[in-house]
file upload.txt (compact mmCIF, C-alpha atoms)
# COMPACT_ATOMS: atom_id res chain seq x y z
CA MET R 18 -20.67 -85.70 -17.43
CA VAL R 19 -17.82 -86.92 -19.50
CA GLY R 20 -19.96 -89.70 -20.73
CA MET R 21 -22.58 -87.20 -21.92
CA SER R 22 -20.03 -85.22 -23.97
CA VAL R 23 -18.63 -88.42 -25.49
CA LEU R 24 -22.14 -89.37 -26.46
CA ARG R 25 -22.76 -86.00 -28.02
CA SER R 26 -19.57 -86.04 -30.05
CA ALA R 27 -20.31 -89.63 -31.16
CA ALA R 28 -23.75 -88.50 -32.39
CA ALA R 29 -22.16 -85.66 -34.30
CA PHE R 30 -19.64 -87.99 -35.92
CA ALA R 31 -22.37 -90.44 -36.92
CA ALA R 32 -24.48 -87.62 -38.37
CA ARG R 33 -21.56 -86.41 -40.41
CA LEU R 34 -20.85 -89.84 -41.77
CA SER R 35 -24.41 -90.32 -42.93
CA PRO R 36 -25.89 -86.94 -43.86
CA LEU R 37 -29.58 -86.68 -43.23
CA LYS R 38 -32.21 -85.76 -45.73
CA ALA R 39 -33.22 -82.10 -46.03
CA GLY R 40 -36.69 -82.55 -44.65
CA SER R 41 -35.77 -83.94 -41.28
CA ASN R 42 -36.52 -81.93 -38.21
CA VAL R 43 -33.51 -80.30 -36.70
CA SER R 44 -34.79 -80.55 -33.15
CA ASN R 45 -34.57 -84.33 -33.34
CA LEU R 46 -30.86 -84.11 -33.36
CA LEU R 47 -28.25 -82.83 -31.02
CA SER R 48 -28.18 -79.93 -33.42
CA ARG R 49 -25.44 -78.00 -31.78
CA THR R 50 -22.74 -80.33 -32.92
CA VAL R 51 -24.13 -81.41 -36.33
CA PRO R 52 -22.58 -79.65 -39.27
CA ARG R 53 -24.56 -79.69 -42.52
CA PRO R 54 -21.93 -79.40 -45.15
CA ASN R 55 -24.16 -79.99 -48.20
CA GLU R 56 -26.76 -77.35 -47.58
CA VAL R 57 -25.00 -74.02 -46.95
CA ALA R 58 -25.71 -70.97 -49.14
CA VAL R 59 -22.17 -69.60 -48.88
CA ARG R 60 -19.03 -70.74 -50.61
CA TRP R 61 -15.76 -69.33 -49.33
CA GLY R 62 -14.77 -68.19 -52.80
CA HIS R 63 -16.04 -64.62 -53.25
CA GLY R 64 -17.83 -64.23 -49.92
CA LYS R 65 -21.46 -63.62 -49.40
CA LYS R 66 -22.80 -60.67 -51.40
CA MET R 67 -23.83 -57.89 -49.08
CA PHE R 68 -25.86 -54.80 -49.82
CA VAL R 69 -23.91 -52.26 -47.77
CA ILE R 70 -25.88 -49.20 -46.79
CA LYS R 71 -23.57 -46.25 -46.11
CA PRO R 72 -23.91 -42.45 -46.43
CA THR R 73 -23.06 -40.94 -49.81
CA GLY R 74 -19.40 -40.33 -50.62
CA PHE R 75 -20.26 -38.40 -53.75
CA TYR R 76 -19.83 -34.92 -52.34
CA ASP R 77 -16.56 -35.76 -50.58
CA SER R 78 -15.01 -37.39 -53.59
CA ARG R 79 -16.23 -34.55 -55.82
CA PHE R 80 -14.60 -32.04 -53.52
CA LEU R 81 -11.30 -33.91 -53.51
CA ARG R 82 -11.42 -34.37 -57.27
CA LEU R 83 -12.02 -30.64 -57.85
CA LEU R 84 -9.34 -29.70 -55.29
CA GLN R 85 -6.83 -31.88 -57.07
CA TYR R 86 -7.82 -30.43 -60.43
CA TYR R 87 -7.53 -26.78 -59.45
CA ILE R 88 -4.29 -27.26 -57.56
CA LEU R 89 -2.67 -29.13 -60.43
CA LEU R 90 -3.99 -26.67 -63.01
CA THR R 91 -1.31 -24.13 -61.99
CA GLY R 92 0.82 -26.47 -59.92
CA ILE R 93 2.03 -28.59 -62.82
CA PRO R 94 3.08 -25.67 -65.08
CA VAL R 95 4.87 -23.99 -62.16
CA ALA R 96 6.68 -27.23 -61.27
CA VAL R 97 7.67 -27.78 -64.92
CA ILE R 98 8.93 -24.20 -65.31
CA VAL R 99 10.91 -24.20 -62.06
CA THR R 100 12.45 -27.62 -62.80
CA SER R 101 13.46 -26.63 -66.30
CA VAL R 102 14.97 -23.34 -65.04
CA ASN R 103 16.97 -25.20 -62.40
CA VAL R 104 18.16 -27.86 -64.84
CA PHE R 105 18.80 -25.86 -67.98
CA ILE R 106 19.74 -22.40 -66.73
CA GLY R 107 21.19 -23.08 -63.30
CA GLU R 108 22.28 -20.85 -60.47
CA ALA R 109 24.94 -18.19 -60.75
CA LYS R 110 28.45 -18.63 -59.39
CA LEU R 111 30.07 -16.28 -56.88
CA ALA R 112 32.80 -14.07 -58.31
CA GLU R 113 34.88 -11.07 -57.29
CA ILE R 114 33.71 -7.70 -58.59
CA PRO R 115 36.08 -6.72 -61.41
CA GLU R 116 37.96 -3.45 -61.15
CA GLY R 117 36.01 -0.40 -62.19
CA TYR R 118 32.81 -2.34 -62.89
CA GLU R 119 29.51 -1.43 -61.25
CA PRO R 120 27.27 -4.53 -61.26
CA GLU R 121 23.59 -4.10 -62.06
CA HIS R 122 21.31 -4.55 -59.08
CA TRP R 123 20.10 -8.00 -60.20
CA GLU R 124 23.63 -9.31 -60.41
CA TYR R 125 23.74 -9.55 -56.63
CA TYR R 126 21.35 -12.51 -56.54
CA LYS R 127 22.01 -16.20 -57.13
CA HIS R 128 18.88 -17.90 -58.43
CA PRO R 129 17.86 -17.07 -62.03
CA ILE R 130 14.18 -16.56 -61.16
CA THR R 131 15.08 -14.11 -58.36
CA ARG R 132 17.34 -12.28 -60.80
CA TRP R 133 14.55 -12.06 -63.34
CA ILE R 134 12.06 -10.76 -60.77
CA THR R 135 14.42 -8.05 -59.50
CA ARG R 136 15.37 -7.13 -63.04
CA THR R 137 11.79 -6.89 -64.34
CA PHE R 138 9.66 -5.66 -61.47
CA TYR R 139 11.77 -4.03 -58.78
CA ASP R 140 13.75 -0.81 -58.65
CA SER R 141 17.38 -1.09 -57.66
CA PRO R 142 18.00 -0.76 -53.88
CA VAL R 143 20.22 2.24 -54.59
CA LYS R 144 17.28 3.97 -56.26
CA ASP R 145 14.99 3.08 -53.33
CA TYR R 146 17.58 4.45 -50.91
CA GLU R 147 17.82 7.70 -52.86
CA LYS R 148 14.03 7.99 -53.07
CA MET R 149 13.77 7.57 -49.31
CA MET R 150 16.48 10.15 -48.72
CA ALA R 151 14.72 12.59 -51.05
CA ALA R 152 11.44 12.10 -49.16
CA ILE R 153 13.22 12.65 -45.84
CA LYS R 154 14.90 15.79 -47.19
CA VAL R 155 11.58 17.22 -48.35
CA GLU R 156 9.97 16.52 -44.98
CA GLN R 157 12.96 17.98 -43.15
CA GLU R 158 12.77 21.19 -45.17
CA LYS R 159 9.03 21.41 -44.57
CA ALA R 160 9.53 20.99 -40.82
CA GLU R 161 12.27 23.62 -40.75
CA GLU R 162 10.13 26.02 -42.76
CA ARG R 163 7.24 25.62 -40.36
CA LEU R 164 9.44 26.21 -37.33
CA THR R 165 10.99 29.35 -38.82
CA GLN R 166 7.55 30.61 -39.81
CA LEU R 167 6.33 30.25 -36.23
CA GLU R 168 9.45 31.99 -34.90
CA VAL R 169 9.11 34.89 -37.36
CA ARG R 170 5.46 35.30 -36.44
CA ARG R 171 6.35 35.43 -32.79
CA GLN R 172 9.07 38.02 -33.33
CA MET R 173 6.91 40.22 -35.54
CA ARG R 174 4.02 40.13 -33.17
CA GLN R 175 6.29 40.92 -30.26
CA LYS R 176 8.21 43.75 -31.85
CA GLY R 177 5.27 45.01 -33.83
CA ASP R 178 7.31 45.97 -36.83
CA GLY R 179 6.92 43.05 -39.17
CA PRO R 180 4.84 43.16 -42.31
CA TRP R 181 2.48 40.45 -41.04
CA PHE R 182 1.10 42.55 -38.28
CA HIS R 183 0.45 45.79 -40.07
CA LEU R 184 -3.07 47.08 -39.78
CA GLU R 185 -4.16 49.04 -42.83
CA THR R 186 -4.81 52.68 -42.02
CA ILE R 187 -6.16 55.32 -44.43
CA ASP R 188 -3.90 57.76 -46.22
CA ARG R 189 -2.70 60.66 -44.07
CA ASN R 190 -3.64 63.17 -46.76
CA LEU R 191 -7.27 62.19 -46.68
CA VAL R 192 -7.71 62.94 -43.02
CA ASP R 193 -9.86 65.97 -42.37
CA ASN R 194 -8.16 67.98 -39.64
CA ASN R 195 -10.86 70.68 -39.39
CA PRO R 196 -12.49 69.44 -36.21
CA LYS R 197 -9.17 69.65 -34.39
CA SER R 198 -7.64 72.62 -36.13
CA THR R 199 -8.63 75.19 -33.49
CA PRO R 200 -8.19 74.61 -29.77
CA ASP R 201 -11.75 75.59 -28.83
CA ASN R 202 -13.69 72.84 -30.75
CA MET F 17 30.26 -27.08 -57.46
CA PRO F 18 30.50 -24.65 -54.52
CA SER F 19 33.96 -24.34 -53.02
CA ASP F 20 34.86 -26.57 -50.08
CA HIS F 21 34.69 -25.35 -46.53
CA ASP F 22 37.62 -23.92 -44.59
CA ARG F 23 39.73 -26.93 -43.59
CA ASP F 24 41.28 -25.13 -40.61
CA ALA F 25 38.02 -24.09 -39.04
CA TYR F 26 36.47 -27.53 -39.40
CA PRO F 27 39.34 -30.01 -39.09
CA GLU F 28 38.66 -33.66 -39.74
CA PRO F 29 39.86 -36.34 -37.33
CA PRO F 30 42.50 -38.78 -38.65
CA ARG F 31 41.05 -41.76 -40.52
CA GLN F 32 40.92 -44.99 -38.58
CA THR F 33 40.17 -47.56 -41.30
CA PRO F 34 41.98 -50.76 -40.30
CA ALA F 35 44.02 -52.81 -42.74
CA VAL F 36 41.97 -55.60 -44.33
CA ASP F 37 42.63 -58.93 -42.54
CA LYS F 38 40.00 -61.29 -43.85
CA GLN F 39 39.86 -64.57 -41.97
CA THR F 40 36.69 -66.13 -43.39
CA ASP F 41 35.53 -67.10 -46.84
CA LEU F 42 32.15 -65.47 -46.39
CA PRO F 43 31.57 -62.28 -48.35
CA ASN F 44 31.86 -58.99 -46.51
CA PRO F 45 28.34 -57.54 -46.11
CA ALA F 46 29.62 -53.99 -45.66
CA LEU F 47 31.38 -54.23 -49.03
CA ILE F 48 28.24 -55.61 -50.66
CA ALA F 49 26.13 -52.81 -49.14
CA SER F 50 28.55 -50.11 -50.25
CA LYS F 51 28.68 -51.47 -53.81
CA LEU F 52 24.91 -51.70 -53.89
CA PHE F 53 24.59 -48.10 -52.73
CA TYR F 54 27.11 -47.01 -55.32
CA TYR F 55 25.37 -48.62 -58.28
CA ALA F 56 21.82 -47.89 -57.16
CA VAL F 57 22.18 -44.31 -55.93
CA ASP F 58 25.58 -42.73 -56.43
CA LEU F 59 26.17 -43.56 -60.10
CA PRO F 60 22.75 -42.42 -61.45
CA VAL F 61 22.86 -39.23 -59.39
CA SER F 62 26.39 -38.41 -60.52
CA THR F 63 25.63 -39.02 -64.20
CA PHE F 64 22.55 -36.79 -63.92
CA ARG F 65 24.68 -34.11 -62.29
CA GLY F 66 27.22 -34.42 -65.09
CA PHE F 67 24.48 -34.06 -67.71
CA VAL F 68 23.01 -31.00 -65.96
CA GLU F 69 26.43 -29.37 -65.67
CA SER F 70 27.21 -29.98 -69.33
CA VAL F 71 23.92 -28.29 -70.24
CA GLN F 72 24.55 -25.37 -67.93
CA SER F 73 28.17 -24.78 -68.83
CA GLY F 74 27.07 -22.80 -71.88
CA ASN F 75 25.19 -19.98 -70.20
CA GLN F 76 27.02 -19.33 -66.96
CA SER F 77 26.19 -16.18 -65.02
CA VAL F 78 27.88 -14.75 -61.96
CA TYR F 79 26.74 -12.96 -58.86
CA TYR F 80 28.65 -10.67 -56.52
CA HIS F 81 28.68 -9.63 -52.90
CA GLN F 82 27.56 -6.05 -52.57
CA LYS F 83 30.11 -3.73 -51.01
CA PHE F 84 28.84 -0.70 -49.10
CA ARG F 85 30.86 2.43 -48.42
CA ARG F 86 31.29 3.52 -44.81
CA ILE F 87 29.05 6.45 -43.81
CA PRO F 88 29.67 9.00 -41.04
CA ASP F 89 28.21 7.57 -37.87
CA LEU F 90 25.28 8.81 -35.81
CA THR F 91 27.71 10.63 -33.53
CA GLU F 92 29.01 12.65 -36.48
CA CYS F 93 25.62 13.89 -37.69
CA GLN F 94 24.41 17.44 -37.13
CA ARG F 95 21.37 17.81 -34.95
CA GLY F 96 18.20 17.76 -37.02
CA ASP F 97 19.93 16.42 -40.16
CA TYR F 98 17.49 13.62 -40.81
CA VAL F 99 19.12 12.45 -44.01
CA CYS F 100 22.36 11.84 -42.11
CA TYR F 101 20.35 10.04 -39.42
CA TYR F 102 18.80 7.79 -42.09
CA GLU F 103 22.12 6.83 -43.65
CA ALA F 104 23.68 6.14 -40.23
CA GLU F 105 20.66 4.03 -39.29
CA MET F 106 20.92 1.95 -42.48
CA GLN F 107 24.61 1.39 -41.87
CA TRP F 108 23.89 0.33 -38.27
CA ARG F 109 21.30 -2.16 -39.51
CA ARG F 110 23.75 -3.67 -41.99
CA ASP F 111 26.34 -3.98 -39.23
CA TYR F 112 23.74 -5.61 -36.95
CA LYS F 113 23.01 -8.24 -39.61
CA VAL F 114 26.73 -8.86 -40.14
CA ASP F 115 27.26 -9.31 -36.41
CA GLN F 116 24.39 -11.79 -36.22
CA GLU F 117 25.98 -13.83 -39.01
CA ILE F 118 29.36 -13.70 -37.27
CA VAL F 119 27.81 -15.14 -34.11
CA LYS F 120 26.12 -17.86 -36.18
CA VAL F 121 29.43 -18.85 -37.82
CA ILE F 122 31.24 -19.08 -34.47
CA GLN F 123 28.35 -21.10 -33.07
CA GLU F 124 28.47 -23.45 -36.08
CA ARG F 125 32.18 -24.04 -35.50
CA MET F 126 31.56 -24.89 -31.86
CA ARG F 127 28.79 -27.31 -32.77
CA ALA F 128 30.95 -28.99 -35.41
CA CYS F 129 33.74 -29.37 -32.88
CA GLN F 130 31.39 -30.91 -30.33
CA GLN F 131 30.05 -33.31 -32.93
CA ARG F 132 33.57 -34.35 -33.93
CA GLU F 133 34.94 -34.86 -30.44
CA GLY F 134 31.92 -36.56 -28.95
CA ALA F 135 32.13 -37.05 -25.20
CA SER F 136 35.54 -35.43 -24.75
CA PHE F 137 34.59 -32.05 -26.18
CA PRO F 138 35.06 -29.89 -23.01
CA GLN F 139 38.75 -30.69 -23.14
CA ASN F 140 39.44 -30.82 -26.87
CA CYS F 141 37.26 -27.94 -28.00
CA ALA F 142 38.36 -25.44 -25.38
CA LYS F 143 39.43 -22.89 -28.00
CA GLU F 144 36.12 -22.96 -29.86
CA LEU F 145 34.15 -22.84 -26.63
CA GLN F 146 36.15 -19.85 -25.40
CA GLN F 147 35.76 -18.06 -28.71
CA PHE F 148 32.04 -18.61 -28.72
CA ASN F 149 31.69 -17.42 -25.14
CA ASP F 150 33.60 -14.24 -25.89
CA VAL F 151 31.70 -13.48 -29.07
CA ALA F 152 28.30 -14.19 -27.51
CA LYS F 153 29.11 -12.04 -24.48
CA ALA F 154 30.24 -9.17 -26.66
CA PHE F 155 27.13 -9.44 -28.82
CA GLN F 156 24.92 -9.47 -25.73
CA LEU F 157 26.69 -6.41 -24.34
CA ARG F 158 26.30 -4.45 -27.53
CA TYR F 159 22.94 -5.54 -28.96
CA GLY F 160 21.53 -7.43 -26.00
CA ASP F 161 18.19 -6.10 -24.78
CA LEU F 162 17.45 -3.63 -27.52
CA GLY F 163 14.33 -5.56 -28.56
CA ALA F 164 12.51 -5.84 -31.87
CA TYR F 165 12.45 -2.08 -32.57
CA ALA F 166 16.20 -1.75 -32.13
CA SER F 167 17.78 1.25 -33.76
CA GLY F 168 21.14 2.94 -33.95
CA ARG F 169 20.04 5.57 -31.46
CA LYS F 170 19.01 3.01 -28.85
CA CYS F 171 22.29 1.14 -29.33
CA LEU F 172 24.19 4.41 -28.86
CA MET F 173 22.25 5.14 -25.68
CA LYS F 174 23.06 1.65 -24.43
CA GLN F 175 26.73 2.28 -25.12
CA LYS F 176 26.48 5.57 -23.23
CA GLU F 177 24.99 3.75 -20.23
CA ARG F 178 27.79 1.19 -20.39
CA MET F 179 30.43 3.90 -20.44
CA ILE F 180 28.78 5.71 -17.53
CA ALA F 181 28.66 2.46 -15.54
CA ALA F 182 32.29 1.73 -16.33
CA GLN F 183 33.31 5.21 -15.23
CA ALA F 184 31.29 4.96 -12.01
CA GLU F 185 32.91 1.61 -11.32
CA GLN F 186 36.37 3.02 -11.85
CA ALA F 187 35.80 5.97 -9.56
call {"tool": "encode", "arguments": {"input": "upload.txt", "output": "structure tokens"}}
result
Amino acid sequence: MVGMSVLRSAAAFAARLSPLKAGSNVSNLLSRTVPRPNEVAVRWGHGKKMFVIKPTGFYDSRFLRLLQYYILLTGIPVAVIVTSVNVFIGEAKLAEIPEGYEPEHWEYYKHPITRWITRTFYDSPVKDYEKMMAAIKVEQEKAEERLTQLEVRRQMRQKGDGPWFHLETIDRNLVDNNPKSTPDN
Amino acid sequence: MPSDHDRDAYPEPPRQTPAVDKQTDLPNPALIASKLFYYAVDLPVSTFRGFVESVQSGNQSVYYHQKFRRIPDLTECQRGDYVCYYEAEMQWRRDYKVDQEIVKVIQERMRACQQREGASFPQNCAKELQQFNDVAKAFQLRYGDLGAYASGRKCLMKQKERMIAAQAEQA
């Protein structure tokens, strides 16, 4: 056994030392252990060129490209604006309210963009409070009116003397009393 | 820069830096690391901060804390006076928010104390722990199970129940 492997490796060594011509039949040799260094098609420089068949990445990369484009279209201006506001304008500092001074409703916020939004678009919270109280007052008066109306109706119907439950009768002067004017009719 | 925190509420432990007693000729790696950090991070950031502050010092604006007047409570409203109910309700909501923030501040103090003391906090932080327990218990008693649709009326009813229970317990 060992002798066989020694023989095989000796044959391989001899074949390497004297490389055979290209036309010789491979099966003549102990071909498993014979390297053929002069005749390979591959150099280990760039690797063998492969024609890789894979599914198309066009649609995926197009999607990602368009996503990036549309996000950055508004993302970059917003980032630039917010950065410049934070660097050049800066946040407000906390201070005590001076005597006799009523601050505007946007002067209760710290960040300049928040202040701008509340100044430009929103009503002051005091005004919102008053609007809500006015709405509640209107609804309260409506509810009270309805309740009193129901109560008045009930009283008039019960006592029979209110103006809502008068039935119109004809004028007393127009009534013809002849049929009842003598007792024997 | 914002003002520093309250030194009494968050006390710092005494510094324990030892006196330098160098016994080798090798350079001190901690010193090298700290100098590296200083020149790579601290100095650029501080100069940028200085530049930003010099730009912003021109247009400096201020903001204030809003102060609200006290309103007659829900117990002092006439029956059916919905405007009074609304104002009392808004005041109750503001007070609820203030109480939540109070509990958060006390909790923050307790956490800072625990972080400072490490393993010996049950002994050293007894005051903060007691304070937090009291405040949390009081908050739970007053606002505890009112739920997401809490209102001044429900809180008042809860207080009424508490008073009834206390009276029944006394008697």
call {"tool": "residues_around", "arguments": {"input": "upload.txt", "residues": "stretch 115-123 of chain R", "least_positions_apart": "4", "cutoff": "9 Å", "atoms": "all atoms listed in the file", "output": "list in words"}}
result
Lys127, Thr131, Arg132, Trp133, Ile134, Thr135, Arg136, Asp140, Ser141, Pro142 and Val143 of chain R; Tyr79, Tyr80 and Gln82 of chain F
call {"tool": "atom_distance", "arguments": {"input": "upload.txt", "atom1": "atom CA of F:Val114", "atom2": "atom CA of F:Phe155"}}
result
11.3 Å
call {"tool": "interface_residues", "arguments": {"input": "upload.txt", "of": "chain R", "to": "chain F", "cutoff": "7 Å", "atoms": "all atoms listed in the file", "output": "ChimeraX atom specification"}}
result
/R:104-107,109-114,124-127,150,153-154,157
call {"tool": "atom_distance", "arguments": {"input": "upload.txt", "atom1": "atom CA of F:Ser136", "atom2": "atom CA of F:Pro29"}}
result
13.3 Å
call {"tool": "axis_aligned_box", "arguments": {"input": "upload.txt", "around": "stretch 54-57 of chain F", "padding_each_side": "5 Å", "output": "lines of an AutoDock Vina configuration file"}}
result
center_x = 24.5
center_y = -46.5
center_z = -56.8
size_x = 15.3
size_y = 14.3
size_z = 13.0
call {"tool": "closest_residue", "arguments": {"input": "upload.txt", "among": "F:Trp108, F:Thr63, F:Gly163, F:Leu157", "to": "F:Met179", "atoms": "all atoms listed in the file"}}
result
F:Leu157
call {"tool": "atom_distance", "arguments": {"input": "upload.txt", "atom1": "atom CA of F:Cys171", "atom2": "atom CA of F:Pro88"}}
result
15.9 Å
